[in-house]
Structures are given as structure tokens and as C-alpha cells.
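In what follows, a structure is listed as C-alpha cells, so that the remarks can point back to it.
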Amino acid sequence: MALANKSHEAGPQEDCEGSSSRSGWGLLVTAAVGGTLVALYAVVTPFVTPALRKVCLPFVPATSTQIWNVLKMLENRSGSLVDIGSGDGRIVIAAAKRGFKAVGYELNPWLVWYSRYRAWRDGVHKNTRFYISDLWKVSFSHYTNVVVFGVPQMMPQLEKKLEEELECNARIIACRFPFPCWIPDCTVGEGIDTVWAYDLKHSRGCETKSLEITPKTES
Ligand SMILES: C[S@@+](CC[C@H](N)C(=O)[O-])C[C@H]1O[C@@H](n2cnc3c(N)ncnc32)[C@H](O)[C@@H]1O
């Protein structure tokens with residue numbers, strides 16, 4: 001009888017402990033699932049949003065042949081270089097290894113942070129800069145070498161922008177898709193690895209202009 005009473009007295013307390021530990025686990029699981037979803041959203045969103053923009057420019061990294069072709073187009077060139085939509089920084093880093101002061105503009109912050117890490121790991125962080133920026137909102141006027149791996153829909157608009165901003169000594173290198181109006185000075189590679197180089201001085205006739213404005217008159 002005494003034993004029966006004891007077990008009767010302990011019952012509600014045990015129930016209480018059991019339910020509070022169950023609700024503790026519940027909270028923990030909810031927090032873990034919620035946290036995972038938030039982290040997933042934060043990582044995935046920057047990769048998905050470029051595809052939802054008016055001009056869809058997703059992250060498709062350059063192949064090693066493509067990078068090799070870009071570097072071929074940069075032979076005998078020096079100075080500053082920009083990769084427009086720099087992805088994981090592979091072109092910027094390869095150019096920095098060839099002695100360029102190389103800069104990347106990229107919308108996706110994860111790719112920019114990863115690019116900075118890669119540049120540091122490869123020992124070229126002093127010659128590289130990566131910015132989280134929208135390519136349509138920055139000026140590329142002070143770069144002499146410009147690399148872009150775009151998509152056909154954006155090329156006419158980008159061609160117009162670069163035509164307005166760049167100096168006559170600029171060389172523009174297009175990967176995979178050419179510009180619609182400029183005539184390339186040089187083409188290398190084939191298929192998806194094709195790369196086109198455009199010297200603005202030729203498309204604008206800058207050389208002719210500079211000859212025209214330096215006439216010598218004899219007195
Ligand atoms: C085709 S990938 C090229 C990546 C890199 N240049 C390469 O060759 O490996 C294009 C990159 O442009 C970025 N991007 C898309 N829209 C952009 C914008 N408005 N401004 C800056 N970067 C953009 C994408 O996130 C993507 O990483």
C-alpha cells in the first residue's frame with residue numbers, strides 16, 4: 001500500500017520532467033532546421049538571383065583552355081586588367097600571376113570572398129582586388145585590359161558601355177560570345193573556348209586621328 005502511494009506521488013513529477021525534456025529537444029530540432037534553412041538561403045540566393053535578372057548571367061567558370069586563350073591575347077600587354085563578372089576569380093588570379101594589376105567585379109559576395117581567399121592562397125593578393133559590385137553601375141574607364149565572359153543578350157549593351165568609357169589604348173577580350181558590332185583584331189581557340197580580342201584604337205580609328213592632329217608646318 002505504502003509502495004503504491006509512493007509511485008502515485010512520483011507520477012506527475014516524472015511526467016513534467018519528461019515533457020520538458022521533450023520540448024527542449026523540439027526547440028533544438030526546430031532551431032537546427034531553421035538555421036540550416038537560413039544558411040542554405042544565404043548561400044544559394046546569390047547564385048540564383050543572376051538568373052532571375054533581366055539579363056541572365058549565371059556563374060559558369062572559364063575552362064583552363066579558355067584561360068590559356070585569354071592569356072595568349074594578353075601577351076605583349078601590361079598595366080591594369082579587369083574581369084567583368086569575375087566569378088571565383090580564376091581569370092584575375094591567372095592575370096596577376098602574369099604581372100597584371102588585376103581587378104574583378106562580381107555580384108555574388110560568396111564568390112568574391114572565395115576569390116580573395118584564392119588570391120591570398122596563391123600569393124597574388126597584393127596584385128589583385130575583388131569588389132562586390134553590379135557591372136552596370138561601375139565605370140571601367142581606367143582599365144587598359146578588359147576581359148568579359150558574358151552572354152549574347154548583354155553583349156550589345158556592354159559594347160556600348162565600353163565604347164563610351166574606355167580609352168583608345170584599351171584591349172577588350174571576349175570569351176565564348178563575341179561583341180555584335182566590333183570587328184575582332186584577333187581570334188583564338190574554337191567552340192566554347194573561343195576568345196576574341198578587340199583593340200579600340202582600330203575600331204575607333206584612333207591611330208589615323210593621332211596622325212591627323214600632328215601636322216608639321218614649315219615656316
Ligand atoms: C559566365 S560567369 C564568368 C566568371 C569568370 N569571369 C570566369 O570566366 O570564370 C559570369 C559571372 O558574372 C556574375 N554576374 C552576373 N551578373 C552580374 C552583374 N550584374 N554584375 C557583376 N557580376 C555579375 C555572375 O555571378 C558570374 O559569376
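Residues in the C-alpha cells are named by chain (A, B, ... in the order shown) and by number from 1 within that chain; ligands are numbered from 1 in the order shown.
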
- Query: Can I get the residues close to ligand 1 as a ChimeraX atom specification, where close means within 10 Å and we count only C-alpha atoms and all ligand atoms?
  - Reply: /A:46-64,66-67,70,82-92,104-112,131-138,147-151,154,174-176

- Identify, with DSSP run on backbone atoms, the residues in stretch 53-198 of chain A assigned to helix (DSSP H, G or I), and express the list as number ranges by chain. A: 64-73, 90-97, 109-121, 125-127, 135-137, 152-165, 191-193

- Which parts of chain A does DSSP call strand (DSSP E or B) when run on the backbone here, written out as a PyMOL selection string? chain A and resi 80-84+101-106+128-132+145-148+171-175+186-188+195-199

How would the residues just chosen look if you wrote them out with N, CA and C atoms as a JSON list (two decimals), in the first residue's frame?
[["chain", "number", "residue", "atom", "x", "y", "z"],
["A", 80, "SER", "N", 46.86, 47.56, -66.21],
["A", 80, "SER", "CA", 45.73, 47.13, -65.39],
["A", 80, "SER", "C", 44.80, 46.22, -66.18],
["A", 81, "LEU", "N", 44.14, 45.34, -65.46],
["A", 81, "LEU", "CA", 43.20, 44.41, -66.11],
["A", 81, "LEU", "C", 41.95, 44.28, -65.24],
["A", 82, "VAL", "N", 40.81, 44.20, -65.91],
["A", 82, "VAL", "CA", 39.58, 43.95, -65.16],
["A", 82, "VAL", "C", 38.82, 42.77, -65.78],
["A", 83, "ASP", "N", 38.30, 41.90, -64.92],
["A", 83, "ASP", "CA", 37.40, 40.85, -65.37],
["A", 83, "ASP", "C", 35.99, 41.25, -64.92],
["A", 84, "ILE", "N", 35.12, 41.45, -65.90],
["A", 84, "ILE", "CA", 33.75, 41.92, -65.62],
["A", 84, "ILE", "C", 32.86, 40.72, -65.34],
["A", 101, "LYS", "N", 48.14, 44.15, -62.74],
["A", 101, "LYS", "CA", 47.36, 44.61, -61.57],
["A", 101, "LYS", "C", 45.93, 44.26, -61.93],
["A", 102, "ALA", "N", 45.40, 43.20, -61.35],
["A", 102, "ALA", "CA", 44.14, 42.65, -61.85],
["A", 102, "ALA", "C", 43.00, 42.83, -60.85],
["A", 103, "VAL", "N", 41.84, 43.19, -61.41],
["A", 103, "VAL", "CA", 40.68, 43.52, -60.59],
["A", 103, "VAL", "C", 39.46, 42.74, -61.09],
["A", 104, "GLY", "N", 38.62, 42.31, -60.17],
["A", 104, "GLY", "CA", 37.39, 41.63, -60.55],
["A", 104, "GLY", "C", 36.17, 42.31, -59.94],
["A", 105, "TYR", "N", 35.12, 42.44, -60.74],
["A", 105, "TYR", "CA", 33.84, 42.94, -60.24],
["A", 105, "TYR", "C", 32.84, 41.80, -60.32],
["A", 106, "GLU", "N", 32.18, 41.53, -59.21],
["A", 106, "GLU", "CA", 31.31, 40.35, -59.14],
["A", 106, "GLU", "C", 30.14, 40.66, -58.18],
["A", 128, "THR", "N", 45.91, 41.88, -56.70],
["A", 128, "THR", "CA", 44.52, 41.64, -57.08],
["A", 128, "THR", "C", 43.57, 42.43, -56.17],
["A", 129, "ARG", "N", 42.43, 42.76, -56.72],
["A", 129, "ARG", "CA", 41.35, 43.39, -55.93],
["A", 129, "ARG", "C", 40.04, 42.78, -56.42],
["A", 130, "PHE", "N", 39.14, 42.49, -55.50],
["A", 130, "PHE", "CA", 37.82, 41.96, -55.87],
["A", 130, "PHE", "C", 36.76, 42.82, -55.21],
["A", 131, "TYR", "N", 35.81, 43.27, -56.01],
["A", 131, "TYR", "CA", 34.75, 44.13, -55.50],
["A", 131, "TYR", "C", 33.39, 43.46, -55.68],
["A", 132, "ILE", "N", 32.54, 43.60, -54.66],
["A", 132, "ILE", "CA", 31.15, 43.15, -54.79],
["A", 132, "ILE", "C", 30.40, 44.30, -55.45],
["A", 145, "ASN", "N", 43.11, 46.74, -70.03],
["A", 145, "ASN", "CA", 42.79, 45.38, -70.50],
["A", 145, "ASN", "C", 41.50, 44.93, -69.82],
["A", 146, "VAL", "N", 40.53, 44.54, -70.65],
["A", 146, "VAL", "CA", 39.22, 44.21, -70.12],
["A", 146, "VAL", "C", 38.83, 42.80, -70.60],
["A", 147, "VAL", "N", 38.46, 41.95, -69.65],
["A", 147, "VAL", "CA", 38.04, 40.60, -70.01],
["A", 147, "VAL", "C", 36.57, 40.43, -69.64],
["A", 148, "VAL", "N", 35.80, 39.82, -70.54],
["A", 148, "VAL", "CA", 34.41, 39.55, -70.20],
["A", 148, "VAL", "C", 33.97, 38.19, -70.76],
["A", 171, "ARG", "N", 42.37, 47.16, -74.72],
["A", 171, "ARG", "CA", 42.11, 45.89, -75.42],
["A", 171, "ARG", "C", 41.01, 45.17, -74.66],
["A", 172, "ILE", "N", 40.00, 44.72, -75.40],
["A", 172, "ILE", "CA", 38.89, 44.01, -74.77],
["A", 172, "ILE", "C", 38.91, 42.57, -75.25],
["A", 173, "ILE", "N", 38.78, 41.67, -74.31],
["A", 173, "ILE", "CA", 38.82, 40.24, -74.65],
["A", 173, "ILE", "C", 37.49, 39.60, -74.27],
["A", 174, "ALA", "N", 36.83, 39.04, -75.25],
["A", 174, "ALA", "CA", 35.52, 38.41, -75.01],
["A", 174, "ALA", "C", 35.67, 36.89, -75.06],
["A", 175, "CYS", "N", 35.12, 36.22, -74.07],
["A", 175, "CYS", "CA", 35.18, 34.75, -74.01],
["A", 175, "CYS", "C", 33.84, 34.16, -74.42],
["A", 186, "CYS", "N", 41.84, 39.82, -83.39],
["A", 186, "CYS", "CA", 42.46, 38.50, -83.26],
["A", 186, "CYS", "C", 41.45, 37.53, -82.64],
["A", 187, "THR", "N", 41.47, 36.30, -83.10],
["A", 187, "THR", "CA", 40.60, 35.25, -82.53],
["A", 187, "THR", "C", 41.46, 34.03, -82.25],
["A", 188, "VAL", "N", 41.22, 33.40, -81.12],
["A", 188, "VAL", "CA", 41.98, 32.19, -80.81],
["A", 188, "VAL", "C", 41.04, 31.15, -80.19],
["A", 195, "VAL", "N", 38.01, 32.79, -78.03],
["A", 195, "VAL", "CA", 38.24, 34.09, -77.39],
["A", 195, "VAL", "C", 38.53, 35.12, -78.49],
["A", 196, "TRP", "N", 37.91, 36.31, -78.38],
["A", 196, "TRP", "CA", 38.08, 37.37, -79.37],
["A", 196, "TRP", "C", 38.77, 38.56, -78.70],
["A", 197, "ALA", "N", 39.71, 39.18, -79.42],
["A", 197, "ALA", "CA", 40.37, 40.38, -78.87],
["A", 197, "ALA", "C", 40.07, 41.58, -79.77],
["A", 198, "TYR", "N", 39.72, 42.69, -79.13],
["A", 198, "TYR", "CA", 39.39, 43.92, -79.86],
["A", 198, "TYR", "C", 40.27, 45.05, -79.36],
["A", 199, "ASP", "N", 40.99, 45.71, -80.26],
["A", 199, "ASP", "CA", 41.76, 46.89, -79.88],
["A", 199, "ASP", "C", 40.93, 48.11, -80.27]]

- Message: What's around A:Glu164 at 10 Å? Count only C-alpha atoms, leave out sequence neighbours fewer than 3 positions away in its own chain, and write the answer as number ranges by chain.
- Response: A: 139-141, 158-161, 167

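Across A:Lys97, A:Thr65, A:Thr36, A:Ala42, the tightest approach to A:Gly191 is made by A:Thr65 when counting only C-alpha atoms.
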